[in-house]
file structure-v3.cif (mmCIF, N, CA and C atoms)
data_my_file
loop_
_atom_site.label_atom_id
_atom_site.label_comp_id
_atom_site.auth_asym_id
_atom_site.auth_seq_id
_atom_site.Cartn_x
_atom_site.Cartn_y
_atom_site.Cartn_z
N MET A 1 36.67 5.76 -154.76
CA MET A 1 36.19 4.41 -154.56
C MET A 1 36.88 3.82 -153.33
N SER A 2 36.11 3.24 -152.46
CA SER A 2 36.72 2.60 -151.29
C SER A 2 37.30 1.25 -151.68
N ALA A 3 38.24 0.79 -150.91
CA ALA A 3 38.95 -0.45 -151.21
C ALA A 3 38.12 -1.67 -150.84
N CYS A 4 38.28 -2.73 -151.61
CA CYS A 4 37.69 -4.01 -151.26
C CYS A 4 38.41 -4.54 -150.03
N PRO A 5 37.70 -5.17 -149.11
CA PRO A 5 38.34 -5.65 -147.89
C PRO A 5 39.54 -6.57 -148.11
N LEU A 6 39.49 -7.45 -149.10
CA LEU A 6 40.59 -8.39 -149.34
C LEU A 6 41.49 -8.03 -150.51
N HIS A 7 40.96 -7.31 -151.48
CA HIS A 7 41.69 -7.12 -152.73
C HIS A 7 42.17 -5.70 -152.98
N GLY A 8 41.85 -4.78 -152.11
CA GLY A 8 42.27 -3.40 -152.31
C GLY A 8 41.43 -2.69 -153.35
N VAL A 9 41.96 -1.61 -153.89
CA VAL A 9 41.22 -0.77 -154.83
C VAL A 9 41.30 -1.30 -156.26
N GLY A 10 42.40 -1.92 -156.64
CA GLY A 10 42.59 -2.33 -158.02
C GLY A 10 42.92 -1.13 -158.87
N VAL A 11 42.71 -1.24 -160.17
CA VAL A 11 43.00 -0.11 -161.06
C VAL A 11 41.72 0.64 -161.35
N PHE A 12 41.85 1.95 -161.58
CA PHE A 12 40.71 2.73 -162.02
C PHE A 12 40.61 2.55 -163.53
N PRO A 13 39.51 2.00 -164.01
CA PRO A 13 39.41 1.66 -165.43
C PRO A 13 39.22 2.85 -166.36
N GLY A 14 39.37 4.08 -165.84
CA GLY A 14 39.25 5.26 -166.68
C GLY A 14 40.26 5.30 -167.81
N TYR A 15 41.37 4.54 -167.68
CA TYR A 15 42.35 4.51 -168.76
C TYR A 15 41.77 3.92 -170.04
N LEU A 16 40.63 3.23 -169.96
CA LEU A 16 39.99 2.67 -171.15
C LEU A 16 39.36 3.73 -172.04
N VAL A 17 39.04 4.89 -171.47
CA VAL A 17 38.40 5.95 -172.25
C VAL A 17 39.30 6.35 -173.41
N GLY A 18 38.74 6.33 -174.61
CA GLY A 18 39.48 6.66 -175.82
C GLY A 18 40.11 5.46 -176.50
N ARG A 19 40.05 4.30 -175.85
CA ARG A 19 40.61 3.09 -176.46
C ARG A 19 39.50 2.28 -177.13
N ARG A 20 39.84 1.62 -178.20
CA ARG A 20 38.90 0.78 -178.93
C ARG A 20 38.99 -0.64 -178.41
N ILE A 21 37.86 -1.27 -178.19
CA ILE A 21 37.83 -2.67 -177.73
C ILE A 21 37.97 -3.57 -178.95
N GLU A 22 39.11 -4.24 -179.03
CA GLU A 22 39.43 -5.09 -180.18
C GLU A 22 38.91 -6.52 -180.01
N ARG A 23 39.03 -7.04 -178.80
CA ARG A 23 38.61 -8.42 -178.51
C ARG A 23 38.03 -8.47 -177.12
N VAL A 24 37.13 -9.39 -176.92
CA VAL A 24 36.60 -9.68 -175.60
C VAL A 24 36.68 -11.19 -175.43
N VAL A 25 37.27 -11.61 -174.32
CA VAL A 25 37.40 -13.03 -174.03
C VAL A 25 36.74 -13.29 -172.69
N VAL A 26 35.92 -14.32 -172.64
CA VAL A 26 35.26 -14.70 -171.39
C VAL A 26 35.76 -16.08 -170.97
N SER A 27 35.73 -16.32 -169.69
CA SER A 27 36.07 -17.65 -169.19
C SER A 27 35.01 -18.06 -168.19
N GLY A 28 34.83 -19.35 -168.09
CA GLY A 28 33.90 -19.91 -167.12
C GLY A 28 34.45 -21.20 -166.58
N ARG A 29 34.11 -21.50 -165.38
CA ARG A 29 34.60 -22.72 -164.75
C ARG A 29 33.61 -23.85 -165.05
N PRO A 30 34.07 -24.89 -165.74
CA PRO A 30 33.17 -26.00 -166.05
C PRO A 30 32.86 -26.83 -164.81
N TYR A 31 31.66 -27.36 -164.77
CA TYR A 31 31.22 -28.25 -163.68
C TYR A 31 30.89 -29.59 -164.30
N GLY A 32 31.86 -30.50 -164.27
CA GLY A 32 31.66 -31.80 -164.91
C GLY A 32 31.49 -31.60 -166.40
N SER A 33 30.41 -32.16 -166.94
CA SER A 33 30.15 -32.01 -168.37
C SER A 33 29.22 -30.82 -168.66
N GLU A 34 28.79 -30.11 -167.61
CA GLU A 34 27.90 -28.96 -167.79
C GLU A 34 28.68 -27.74 -168.24
N PRO A 35 28.10 -26.94 -169.14
CA PRO A 35 28.77 -25.69 -169.52
C PRO A 35 28.71 -24.69 -168.37
N PRO A 36 29.59 -23.71 -168.36
CA PRO A 36 29.56 -22.71 -167.30
C PRO A 36 28.23 -21.96 -167.31
N SER A 37 27.74 -21.57 -166.13
CA SER A 37 26.47 -20.88 -166.03
C SER A 37 26.59 -19.40 -166.36
N GLY A 38 27.76 -18.88 -166.37
CA GLY A 38 28.00 -17.47 -166.69
C GLY A 38 29.48 -17.22 -166.69
N PRO A 39 29.88 -16.01 -167.05
CA PRO A 39 31.33 -15.75 -167.09
C PRO A 39 31.92 -15.69 -165.70
N LEU A 40 33.11 -16.22 -165.58
CA LEU A 40 33.88 -16.12 -164.36
C LEU A 40 34.78 -14.90 -164.43
N ASP A 41 35.33 -14.67 -165.60
CA ASP A 41 36.20 -13.53 -165.88
C ASP A 41 35.88 -13.01 -167.26
N VAL A 42 36.12 -11.72 -167.46
CA VAL A 42 36.02 -11.10 -168.78
C VAL A 42 37.30 -10.31 -168.99
N TRP A 43 37.91 -10.48 -170.16
CA TRP A 43 39.07 -9.70 -170.54
C TRP A 43 38.67 -8.81 -171.70
N LEU A 44 38.93 -7.52 -171.56
CA LEU A 44 38.75 -6.56 -172.65
C LEU A 44 40.14 -6.28 -173.19
N ILE A 45 40.39 -6.67 -174.42
CA ILE A 45 41.68 -6.40 -175.03
C ILE A 45 41.48 -5.19 -175.93
N ASP A 46 42.20 -4.11 -175.61
CA ASP A 46 41.94 -2.84 -176.28
C ASP A 46 42.96 -2.55 -177.38
N SER A 47 42.79 -1.40 -178.01
CA SER A 47 43.63 -1.00 -179.14
C SER A 47 45.09 -0.78 -178.75
N GLU A 48 45.37 -0.68 -177.46
CA GLU A 48 46.76 -0.56 -177.00
C GLU A 48 47.30 -1.93 -176.57
N THR A 49 46.57 -3.00 -176.87
CA THR A 49 46.86 -4.39 -176.51
C THR A 49 46.98 -4.60 -175.01
N VAL A 50 46.28 -3.79 -174.24
CA VAL A 50 46.20 -3.99 -172.80
C VAL A 50 45.01 -4.89 -172.53
N ALA A 51 45.19 -5.89 -171.68
CA ALA A 51 44.10 -6.79 -171.28
C ALA A 51 43.59 -6.34 -169.91
N THR A 52 42.34 -5.92 -169.88
CA THR A 52 41.70 -5.52 -168.63
C THR A 52 40.83 -6.67 -168.17
N ARG A 53 41.11 -7.19 -167.00
CA ARG A 53 40.36 -8.32 -166.45
C ARG A 53 39.31 -7.78 -165.49
N ILE A 54 38.06 -8.24 -165.67
CA ILE A 54 36.96 -7.90 -164.79
C ILE A 54 36.44 -9.21 -164.22
N THR A 55 36.38 -9.28 -162.89
CA THR A 55 35.95 -10.51 -162.24
C THR A 55 35.40 -10.19 -160.87
N ARG A 56 34.80 -11.13 -160.24
CA ARG A 56 34.29 -10.97 -158.88
C ARG A 56 35.30 -11.55 -157.91
N GLY A 57 35.67 -10.76 -156.91
CA GLY A 57 36.60 -11.22 -155.90
C GLY A 57 35.91 -12.08 -154.85
N SER A 58 36.69 -12.80 -154.07
CA SER A 58 36.15 -13.67 -153.03
C SER A 58 35.45 -12.88 -151.92
N ASP A 59 35.71 -11.56 -151.86
CA ASP A 59 35.06 -10.72 -150.85
C ASP A 59 33.79 -10.07 -151.38
N GLY A 60 33.35 -10.43 -152.59
CA GLY A 60 32.13 -9.89 -153.16
C GLY A 60 32.33 -8.63 -153.97
N CYS A 61 33.54 -8.08 -153.97
CA CYS A 61 33.84 -6.87 -154.75
C CYS A 61 34.01 -7.23 -156.22
N LEU A 62 33.80 -6.23 -157.05
CA LEU A 62 34.11 -6.36 -158.47
C LEU A 62 35.55 -5.94 -158.65
N MET A 63 36.37 -6.84 -159.12
CA MET A 63 37.79 -6.57 -159.31
C MET A 63 38.04 -6.14 -160.75
N VAL A 64 38.84 -5.09 -160.91
CA VAL A 64 39.27 -4.62 -162.22
C VAL A 64 40.78 -4.50 -162.15
N GLU A 65 41.46 -5.18 -163.07
CA GLU A 65 42.92 -5.15 -163.06
C GLU A 65 43.44 -5.34 -164.47
N THR A 66 44.63 -4.85 -164.69
CA THR A 66 45.30 -5.20 -165.93
C THR A 66 46.05 -6.49 -165.62
N ALA A 67 45.94 -7.43 -166.53
CA ALA A 67 46.50 -8.74 -166.24
C ALA A 67 47.07 -9.35 -167.51
N PRO A 68 48.12 -10.14 -167.36
CA PRO A 68 48.61 -10.88 -168.52
C PRO A 68 47.52 -11.80 -169.02
N PHE A 69 47.47 -12.01 -170.29
CA PHE A 69 46.45 -12.85 -170.89
C PHE A 69 47.11 -13.97 -171.66
N ALA A 70 46.76 -15.22 -171.35
CA ALA A 70 47.27 -16.38 -172.06
C ALA A 70 46.10 -17.10 -172.71
N GLU A 71 46.13 -17.26 -174.02
CA GLU A 71 45.03 -17.88 -174.76
C GLU A 71 44.62 -19.23 -174.20
N ASP A 72 45.60 -20.06 -173.84
CA ASP A 72 45.29 -21.43 -173.46
C ASP A 72 44.78 -21.56 -172.02
N ASP A 73 45.08 -20.63 -171.14
CA ASP A 73 44.63 -20.70 -169.76
C ASP A 73 44.52 -19.28 -169.21
N PRO A 74 43.46 -18.54 -169.59
CA PRO A 74 43.40 -17.13 -169.27
C PRO A 74 43.50 -16.81 -167.79
N ALA A 75 42.99 -17.64 -166.92
CA ALA A 75 43.02 -17.31 -165.50
C ALA A 75 44.19 -17.95 -164.77
N GLY A 76 44.98 -18.75 -165.47
CA GLY A 76 46.16 -19.35 -164.87
C GLY A 76 45.87 -20.43 -163.84
N SER A 77 44.68 -21.02 -163.88
CA SER A 77 44.33 -22.01 -162.86
C SER A 77 44.22 -23.42 -163.41
N GLY A 78 44.32 -23.58 -164.71
CA GLY A 78 44.27 -24.92 -165.28
C GLY A 78 42.88 -25.47 -165.52
N ARG A 79 41.84 -24.96 -164.86
CA ARG A 79 40.49 -25.50 -165.04
C ARG A 79 39.52 -24.45 -165.56
N VAL A 80 40.02 -23.40 -166.11
CA VAL A 80 39.16 -22.35 -166.64
C VAL A 80 39.37 -22.27 -168.13
N GLY A 81 38.29 -22.36 -168.88
CA GLY A 81 38.40 -22.25 -170.32
C GLY A 81 38.00 -20.86 -170.77
N GLY A 82 38.70 -20.33 -171.75
CA GLY A 82 38.39 -19.00 -172.26
C GLY A 82 38.08 -19.08 -173.73
N SER A 83 37.20 -18.20 -174.19
CA SER A 83 36.89 -18.14 -175.60
C SER A 83 36.52 -16.73 -175.99
N ALA A 84 36.85 -16.37 -177.23
CA ALA A 84 36.47 -15.06 -177.74
C ALA A 84 34.95 -15.03 -177.83
N VAL A 85 34.36 -13.88 -177.55
CA VAL A 85 32.91 -13.78 -177.57
C VAL A 85 32.38 -13.84 -178.98
N SER A 86 31.21 -14.40 -179.11
CA SER A 86 30.53 -14.45 -180.40
C SER A 86 29.05 -14.21 -180.16
N GLY A 87 28.74 -13.26 -179.30
CA GLY A 87 27.35 -12.91 -179.05
C GLY A 87 26.86 -13.28 -177.67
N GLU A 88 27.66 -14.00 -176.88
CA GLU A 88 27.16 -14.45 -175.59
C GLU A 88 27.29 -13.44 -174.46
N THR A 89 27.91 -12.28 -174.71
CA THR A 89 27.96 -11.24 -173.69
C THR A 89 27.56 -9.91 -174.32
N PRO A 90 27.13 -8.95 -173.51
CA PRO A 90 26.79 -7.63 -174.06
C PRO A 90 27.97 -6.92 -174.72
N PHE A 91 29.19 -7.30 -174.39
CA PHE A 91 30.35 -6.67 -175.02
C PHE A 91 30.45 -7.00 -176.50
N ALA A 92 29.88 -8.12 -176.93
CA ALA A 92 29.96 -8.52 -178.34
C ALA A 92 29.37 -7.45 -179.26
N ASP A 93 28.36 -6.72 -178.78
CA ASP A 93 27.73 -5.68 -179.59
C ASP A 93 28.62 -4.45 -179.76
N HIS A 94 29.71 -4.35 -179.00
CA HIS A 94 30.54 -3.15 -179.01
C HIS A 94 31.97 -3.39 -179.49
N LEU A 95 32.23 -4.57 -180.03
CA LEU A 95 33.57 -4.85 -180.56
C LEU A 95 33.91 -3.84 -181.64
N GLY A 96 35.11 -3.31 -181.59
CA GLY A 96 35.56 -2.31 -182.54
C GLY A 96 35.17 -0.89 -182.18
N GLU A 97 34.39 -0.71 -181.11
CA GLU A 97 33.98 0.62 -180.68
C GLU A 97 34.96 1.20 -179.67
N THR A 98 34.95 2.52 -179.57
CA THR A 98 35.79 3.24 -178.63
C THR A 98 35.03 3.47 -177.34
N VAL A 99 35.70 3.29 -176.22
CA VAL A 99 35.10 3.55 -174.91
C VAL A 99 34.98 5.07 -174.74
N LEU A 100 33.76 5.53 -174.44
CA LEU A 100 33.50 6.96 -174.27
C LEU A 100 33.52 7.38 -172.81
N GLY A 101 33.22 6.46 -171.91
CA GLY A 101 33.21 6.80 -170.49
C GLY A 101 33.16 5.56 -169.63
N VAL A 102 33.56 5.74 -168.36
CA VAL A 102 33.57 4.64 -167.40
C VAL A 102 33.05 5.19 -166.08
N GLY A 103 32.14 4.48 -165.45
CA GLY A 103 31.63 4.86 -164.14
C GLY A 103 31.66 3.69 -163.19
N GLU A 104 31.80 3.97 -161.90
CA GLU A 104 31.86 2.92 -160.89
C GLU A 104 30.80 3.16 -159.82
N GLU A 105 30.36 2.08 -159.21
CA GLU A 105 29.49 2.15 -158.05
C GLU A 105 30.12 1.31 -156.95
N GLY A 106 29.99 1.77 -155.74
CA GLY A 106 30.56 1.04 -154.63
C GLY A 106 29.80 1.29 -153.35
N ALA A 107 30.25 0.63 -152.32
CA ALA A 107 29.65 0.78 -151.00
C ALA A 107 30.76 1.09 -150.00
N PRO A 108 30.51 2.00 -149.06
CA PRO A 108 31.54 2.29 -148.05
C PRO A 108 31.96 1.00 -147.34
N GLY A 109 33.25 0.76 -147.33
CA GLY A 109 33.78 -0.44 -146.70
C GLY A 109 33.54 -1.71 -147.49
N GLY A 110 32.84 -1.60 -148.61
CA GLY A 110 32.54 -2.78 -149.41
C GLY A 110 33.20 -2.78 -150.76
N GLY A 111 33.84 -1.67 -151.14
CA GLY A 111 34.56 -1.61 -152.40
C GLY A 111 33.66 -1.48 -153.60
N ARG A 112 34.25 -1.73 -154.78
CA ARG A 112 33.54 -1.60 -156.05
C ARG A 112 32.53 -2.74 -156.20
N LEU A 113 31.30 -2.37 -156.53
CA LEU A 113 30.25 -3.36 -156.75
C LEU A 113 29.79 -3.42 -158.20
N ALA A 114 30.00 -2.33 -158.94
CA ALA A 114 29.57 -2.30 -160.34
C ALA A 114 30.46 -1.35 -161.14
N LEU A 115 30.50 -1.60 -162.42
CA LEU A 115 31.27 -0.81 -163.36
C LEU A 115 30.41 -0.67 -164.61
N GLU A 116 30.30 0.55 -165.13
CA GLU A 116 29.59 0.78 -166.38
C GLU A 116 30.57 1.34 -167.40
N ILE A 117 30.57 0.72 -168.58
CA ILE A 117 31.45 1.13 -169.66
C ILE A 117 30.55 1.61 -170.80
N ALA A 118 30.72 2.89 -171.18
CA ALA A 118 29.85 3.51 -172.19
C ALA A 118 30.51 3.54 -173.56
N PHE A 119 29.71 3.19 -174.57
CA PHE A 119 30.09 3.24 -175.97
C PHE A 119 29.07 4.11 -176.69
N ALA A 120 29.34 4.49 -177.92
CA ALA A 120 28.38 5.30 -178.69
C ALA A 120 27.05 4.57 -178.86
N SER A 121 27.08 3.26 -178.96
CA SER A 121 25.86 2.50 -179.22
C SER A 121 25.20 1.92 -177.97
N GLY A 122 25.73 2.21 -176.78
CA GLY A 122 25.11 1.70 -175.56
C GLY A 122 26.12 1.54 -174.44
N THR A 123 25.66 0.94 -173.36
CA THR A 123 26.47 0.77 -172.15
C THR A 123 26.46 -0.68 -171.71
N VAL A 124 27.59 -1.14 -171.19
CA VAL A 124 27.66 -2.47 -170.58
C VAL A 124 27.90 -2.28 -169.10
N ARG A 125 27.09 -2.95 -168.29
CA ARG A 125 27.23 -2.91 -166.84
C ARG A 125 27.77 -4.25 -166.37
N CYS A 126 28.83 -4.20 -165.57
CA CYS A 126 29.44 -5.38 -164.96
C CYS A 126 29.20 -5.24 -163.46
N ALA A 127 28.64 -6.26 -162.84
CA ALA A 127 28.33 -6.15 -161.42
C ALA A 127 28.60 -7.45 -160.70
N SER A 128 28.97 -7.30 -159.44
CA SER A 128 29.07 -8.44 -158.54
C SER A 128 27.65 -8.73 -158.07
N TRP A 129 27.16 -9.93 -158.35
CA TRP A 129 25.76 -10.22 -158.10
C TRP A 129 25.58 -11.66 -157.65
N SER A 130 25.02 -11.87 -156.50
CA SER A 130 24.69 -13.20 -155.99
C SER A 130 25.83 -14.20 -156.13
N GLY A 131 27.02 -13.78 -155.79
CA GLY A 131 28.16 -14.69 -155.80
C GLY A 131 28.86 -14.82 -157.13
N GLY A 132 28.45 -14.06 -158.13
CA GLY A 132 29.08 -14.18 -159.43
C GLY A 132 29.22 -12.85 -160.14
N LEU A 133 29.63 -12.92 -161.38
CA LEU A 133 29.78 -11.76 -162.24
C LEU A 133 28.56 -11.69 -163.14
N ARG A 134 27.91 -10.55 -163.16
CA ARG A 134 26.73 -10.38 -164.00
C ARG A 134 27.00 -9.25 -164.99
N LEU A 135 26.74 -9.51 -166.28
CA LEU A 135 26.92 -8.53 -167.33
C LEU A 135 25.56 -8.23 -167.95
N SER A 136 25.31 -6.94 -168.19
CA SER A 136 24.07 -6.55 -168.84
C SER A 136 24.33 -5.36 -169.73
N GLY A 137 23.55 -5.23 -170.78
CA GLY A 137 23.73 -4.13 -171.72
C GLY A 137 22.48 -3.29 -171.87
N THR A 138 22.70 -2.05 -172.26
CA THR A 138 21.56 -1.15 -172.53
C THR A 138 21.72 -0.54 -173.90
#
call {"tool": "encode", "arguments": {"input": "structure-v3.cif", "output": "structure tokens"}}
result
Amino acid sequence: MSACPLHGVGVFPGYLVGRRIERVVVSGRPYGSEPPSGPLDVWLIDSETVATRITRGSDGCLMVETAPFAEDDPAGSGRVGGSAVSGETPFADHLGETVLGVGEEGAPGGGRLALEIAFASGTVRCASWSGGLRLSGT
């Protein structure tokens, strides 16, 4: 995988293979009284209690990193709210499942653009899309 211009390579999420996803937490940046239009960040908390953060970098790359997770302010910025998923992301369908495989897509000189995480019951695709993070399931 080539490095993102501003953020580098990040971590290879292959370490998730064989781990069970125990919790998924999403955060979104509120705009006034409007709810967030989509997730800003996603944290996958696995059976080893590692929090994997997936987000879109300012350079358009998809960033994957292990990051400390704080319930009250997951992104550490003071204006981002986080909540455990209850059906609002494709990851909700895979809670308690073990990751079977991880694949990445990227562009030369553009870094990681997408990540696919495979479970026995389907796949979740995380992609940098039109300035944000887009999640879809199959």
call {"tool": "closest_residue", "arguments": {"input": "structure-v3.cif", "among": "A:Val102, A:Ala51, A:Met63, A:Leu40", "to": "Gly14 (chain A)", "atoms": "only N, CA and C atoms"}}
result
A:Val102
call {"tool": "residues_around", "arguments": {"input": "structure-v3.cif", "residues": "Arg134 (chain A)", "least_positions_apart": "3", "cutoff": "8 Å", "atoms": "only N, CA and C atoms", "output": "PDB file with N, CA and C atoms, in the coordinates of the input"}}
result
ATOM      1  N   GLY A  38      27.760 -18.880-166.370  1.00  0.00           N
ATOM      2  CA  GLY A  38      28.000 -17.470-166.690  1.00  0.00           C
ATOM      3  C   GLY A  38      29.480 -17.220-166.690  1.00  0.00           C
ATOM      4  N   PRO A  39      29.880 -16.010-167.050  1.00  0.00           N
ATOM      5  CA  PRO A  39      31.330 -15.750-167.090  1.00  0.00           C
ATOM      6  C   PRO A  39      31.920 -15.690-165.700  1.00  0.00           C
ATOM      7  N   THR A  55      36.380  -9.280-162.890  1.00  0.00           N
ATOM      8  CA  THR A  55      35.950 -10.510-162.240  1.00  0.00           C
ATOM      9  C   THR A  55      35.400 -10.190-160.870  1.00  0.00           C
ATOM     10  N   ARG A  56      34.800 -11.130-160.240  1.00  0.00           N
ATOM     11  CA  ARG A  56      34.290 -10.970-158.880  1.00  0.00           C
ATOM     12  C   ARG A  56      35.300 -11.550-157.910  1.00  0.00           C
ATOM     13  N   ARG A 125      27.090  -2.950-168.290  1.00  0.00           N
ATOM     14  CA  ARG A 125      27.230  -2.910-166.840  1.00  0.00           C
ATOM     15  C   ARG A 125      27.770  -4.250-166.370  1.00  0.00           C
ATOM     16  N   CYS A 126      28.830  -4.200-165.570  1.00  0.00           N
ATOM     17  CA  CYS A 126      29.440  -5.380-164.960  1.00  0.00           C
ATOM     18  C   CYS A 126      29.200  -5.240-163.460  1.00  0.00           C
ATOM     19  N   ALA A 127      28.640  -6.260-162.840  1.00  0.00           N
ATOM     20  CA  ALA A 127      28.330  -6.150-161.420  1.00  0.00           C
ATOM     21  C   ALA A 127      28.600  -7.450-160.700  1.00  0.00           C
ATOM     22  N   SER A 128      28.970  -7.300-159.440  1.00  0.00           N
ATOM     23  CA  SER A 128      29.070  -8.440-158.540  1.00  0.00           C
ATOM     24  C   SER A 128      27.650  -8.730-158.070  1.00  0.00           C
ATOM     25  N   TRP A 129      27.160  -9.930-158.350  1.00  0.00           N
ATOM     26  CA  TRP A 129      25.760 -10.220-158.100  1.00  0.00           C
ATOM     27  C   TRP A 129      25.580 -11.660-157.650  1.00  0.00           C
ATOM     28  N   SER A 130      25.020 -11.870-156.500  1.00  0.00           N
ATOM     29  CA  SER A 130      24.690 -13.200-155.990  1.00  0.00           C
ATOM     30  C   SER A 130      25.830 -14.200-156.130  1.00  0.00           C
ATOM     31  N   GLY A 131      27.020 -13.780-155.790  1.00  0.00           N
ATOM     32  CA  GLY A 131      28.160 -14.690-155.800  1.00  0.00           C
ATOM     33  C   GLY A 131      28.860 -14.820-157.130  1.00  0.00           C
ATOM     34  N   GLY A 137      23.550  -5.230-170.780  1.00  0.00           N
ATOM     35  CA  GLY A 137      23.730  -4.130-171.720  1.00  0.00           C
ATOM     36  C   GLY A 137      22.480  -3.290-171.870  1.00  0.00           C
TER      37      GLY A 137
END
call {"tool": "select_by_dssp", "arguments": {"input": "structure-v3.cif", "residues": "region 95-135 of chain A", "states": "strand (DSSP E)", "output": "PyMOL selection string"}}
result
chain A and resi 101-107+111-119+122-129+132-135
call {"tool": "resolve_selection", "arguments": {"input": "structure-v3.cif", "expression": "the PyMOL selection byres ((chain A and resi 94) around 8)", "output": "NGL selection string"}}
result
:A and (20-23 or 89-93 or 95-98 or 119-122)
call {"tool": "closest_residue", "arguments": {"input": "structure-v3.cif", "among": "A:Leu62, A:Leu100, A:Ala67, A:Leu133", "to": "Gly18 (chain A)", "atoms": "only N, CA and C atoms"}}
result
A:Leu100
call {"tool": "closest_residue", "arguments": {"input": "structure-v3.cif", "among": "A:Ala3, A:Val50, A:Phe12, A:Asp41", "to": "Gly106 (chain A)", "atoms": "only C-alpha atoms"}}
result
A:Ala3
call {"tool": "atom_distance", "arguments": {"input": "structure-v3.cif", "atom1": "CA of Trp43 (chain A)", "atom2": "CA of Glu65 (chain A)"}}
result
9.6 Å
call {"tool": "resolve_selection", "arguments": {"input": "structure-v3.cif", "expression": "the PyMOL selection byres (((chain A and resi 10 and name CA) around 6) and name CA)", "output": "list in words"}}
result
Gly8, Val9, Val11, Val64 and Glu65 of chain A
call {"tool": "atom_distance", "arguments": {"input": "structure-v3.cif", "atom1": "atom N of Ser27 (chain A)", "atom2": "atom N of Gly110 (chain A)"}}
result
25.9 Å
call {"tool": "closest_residue", "arguments": {"input": "structure-v3.cif", "among": "A:Val26, A:Leu16, A:Gly103, A:Ala118", "to": "Thr49 (chain A)", "atoms": "only C-alpha atoms"}}
result
A:Leu16
call {"tool": "atom_distance", "arguments": {"input": "structure-v3.cif", "atom1": "atom C of Ser58 (chain A)", "atom2": "CA of Glu105 (chain A)"}}
result
17.3 Å
call {"tool": "axis_aligned_box", "arguments": {"input": "structure-v3.cif", "around": "region 102-114 of chain A", "padding_each_side": "4 Å", "output": "lines of an AutoDock Vina configuration file"}}
result
center_x = 32.0
center_y = 1.2
center_z = -157.5
size_x = 13.1
size_y = 17.2
size_z = 29.7
call {"tool": "closest_residue", "arguments": {"input": "structure-v3.cif", "among": "A:Thr138, A:Arg112, A:Pro13, A:Thr66", "to": "Val124 (chain A)", "atoms": "all atoms listed in the file"}}
result
A:Thr138
call {"tool": "build_atoms", "arguments": {"input": "structure-v3.cif", "residues": "region 93-104 of chain A", "atoms": "N, CA, C and O atoms", "output": "mmCIF file, keeping the file's coordinate frame"}}
result
data_model
loop_
_atom_site.group_PDB
_atom_site.id
_atom_site.type_symbol
_atom_site.label_atom_id
_atom_site.label_comp_id
_atom_site.auth_asym_id
_atom_site.auth_seq_id
_atom_site.Cartn_x
_atom_site.Cartn_y
_atom_site.Cartn_z
ATOM 1 N N ASP A 93 28.360 -6.720 -178.780
ATOM 2 C CA ASP A 93 27.730 -5.680 -179.590
ATOM 3 C C ASP A 93 28.620 -4.450 -179.760
ATOM 4 O O ASP A 93 28.305 -3.573 -180.564
ATOM 5 N N HIS A 94 29.710 -4.350 -179.000
ATOM 6 C CA HIS A 94 30.540 -3.150 -179.010
ATOM 7 C C HIS A 94 31.970 -3.390 -179.490
ATOM 8 O O HIS A 94 32.811 -2.501 -179.359
ATOM 9 N N LEU A 95 32.230 -4.570 -180.030
ATOM 10 C CA LEU A 95 33.570 -4.850 -180.560
ATOM 11 C C LEU A 95 33.910 -3.840 -181.640
ATOM 12 O O LEU A 95 33.080 -3.515 -182.489
ATOM 13 N N GLY A 96 35.110 -3.310 -181.590
ATOM 14 C CA GLY A 96 35.560 -2.310 -182.540
ATOM 15 C C GLY A 96 35.170 -0.890 -182.180
ATOM 16 O O GLY A 96 35.560 0.053 -182.852
ATOM 17 N N GLU A 97 34.390 -0.710 -181.110
ATOM 18 C CA GLU A 97 33.980 0.620 -180.680
ATOM 19 C C GLU A 97 34.960 1.200 -179.670
ATOM 20 O O GLU A 97 35.661 0.473 -178.971
ATOM 21 N N THR A 98 34.950 2.520 -179.570
ATOM 22 C CA THR A 98 35.790 3.240 -178.630
ATOM 23 C C THR A 98 35.030 3.470 -177.340
ATOM 24 O O THR A 98 33.840 3.804 -177.357
ATOM 25 N N VAL A 99 35.700 3.290 -176.220
ATOM 26 C CA VAL A 99 35.100 3.550 -174.910
ATOM 27 C C VAL A 99 34.980 5.070 -174.740
ATOM 28 O O VAL A 99 35.950 5.796 -174.868
ATOM 29 N N LEU A 100 33.760 5.530 -174.440
ATOM 30 C CA LEU A 100 33.500 6.960 -174.270
ATOM 31 C C LEU A 100 33.520 7.380 -172.810
ATOM 32 O O LEU A 100 33.789 8.549 -172.509
ATOM 33 N N GLY A 101 33.220 6.460 -171.910
ATOM 34 C CA GLY A 101 33.210 6.800 -170.490
ATOM 35 C C GLY A 101 33.160 5.560 -169.630
ATOM 36 O O GLY A 101 32.781 4.478 -170.080
ATOM 37 N N VAL A 102 33.560 5.740 -168.360
ATOM 38 C CA VAL A 102 33.570 4.640 -167.400
ATOM 39 C C VAL A 102 33.050 5.190 -166.080
ATOM 40 O O VAL A 102 33.461 6.266 -165.645
ATOM 41 N N GLY A 103 32.140 4.480 -165.450
ATOM 42 C CA GLY A 103 31.630 4.860 -164.140
ATOM 43 C C GLY A 103 31.660 3.690 -163.190
ATOM 44 O O GLY A 103 31.571 2.530 -163.613
ATOM 45 N N GLU A 104 31.800 3.970 -161.900
ATOM 46 C CA GLU A 104 31.860 2.920 -160.890
ATOM 47 C C GLU A 104 30.800 3.160 -159.820
ATOM 48 O O GLU A 104 30.448 4.304 -159.543
#
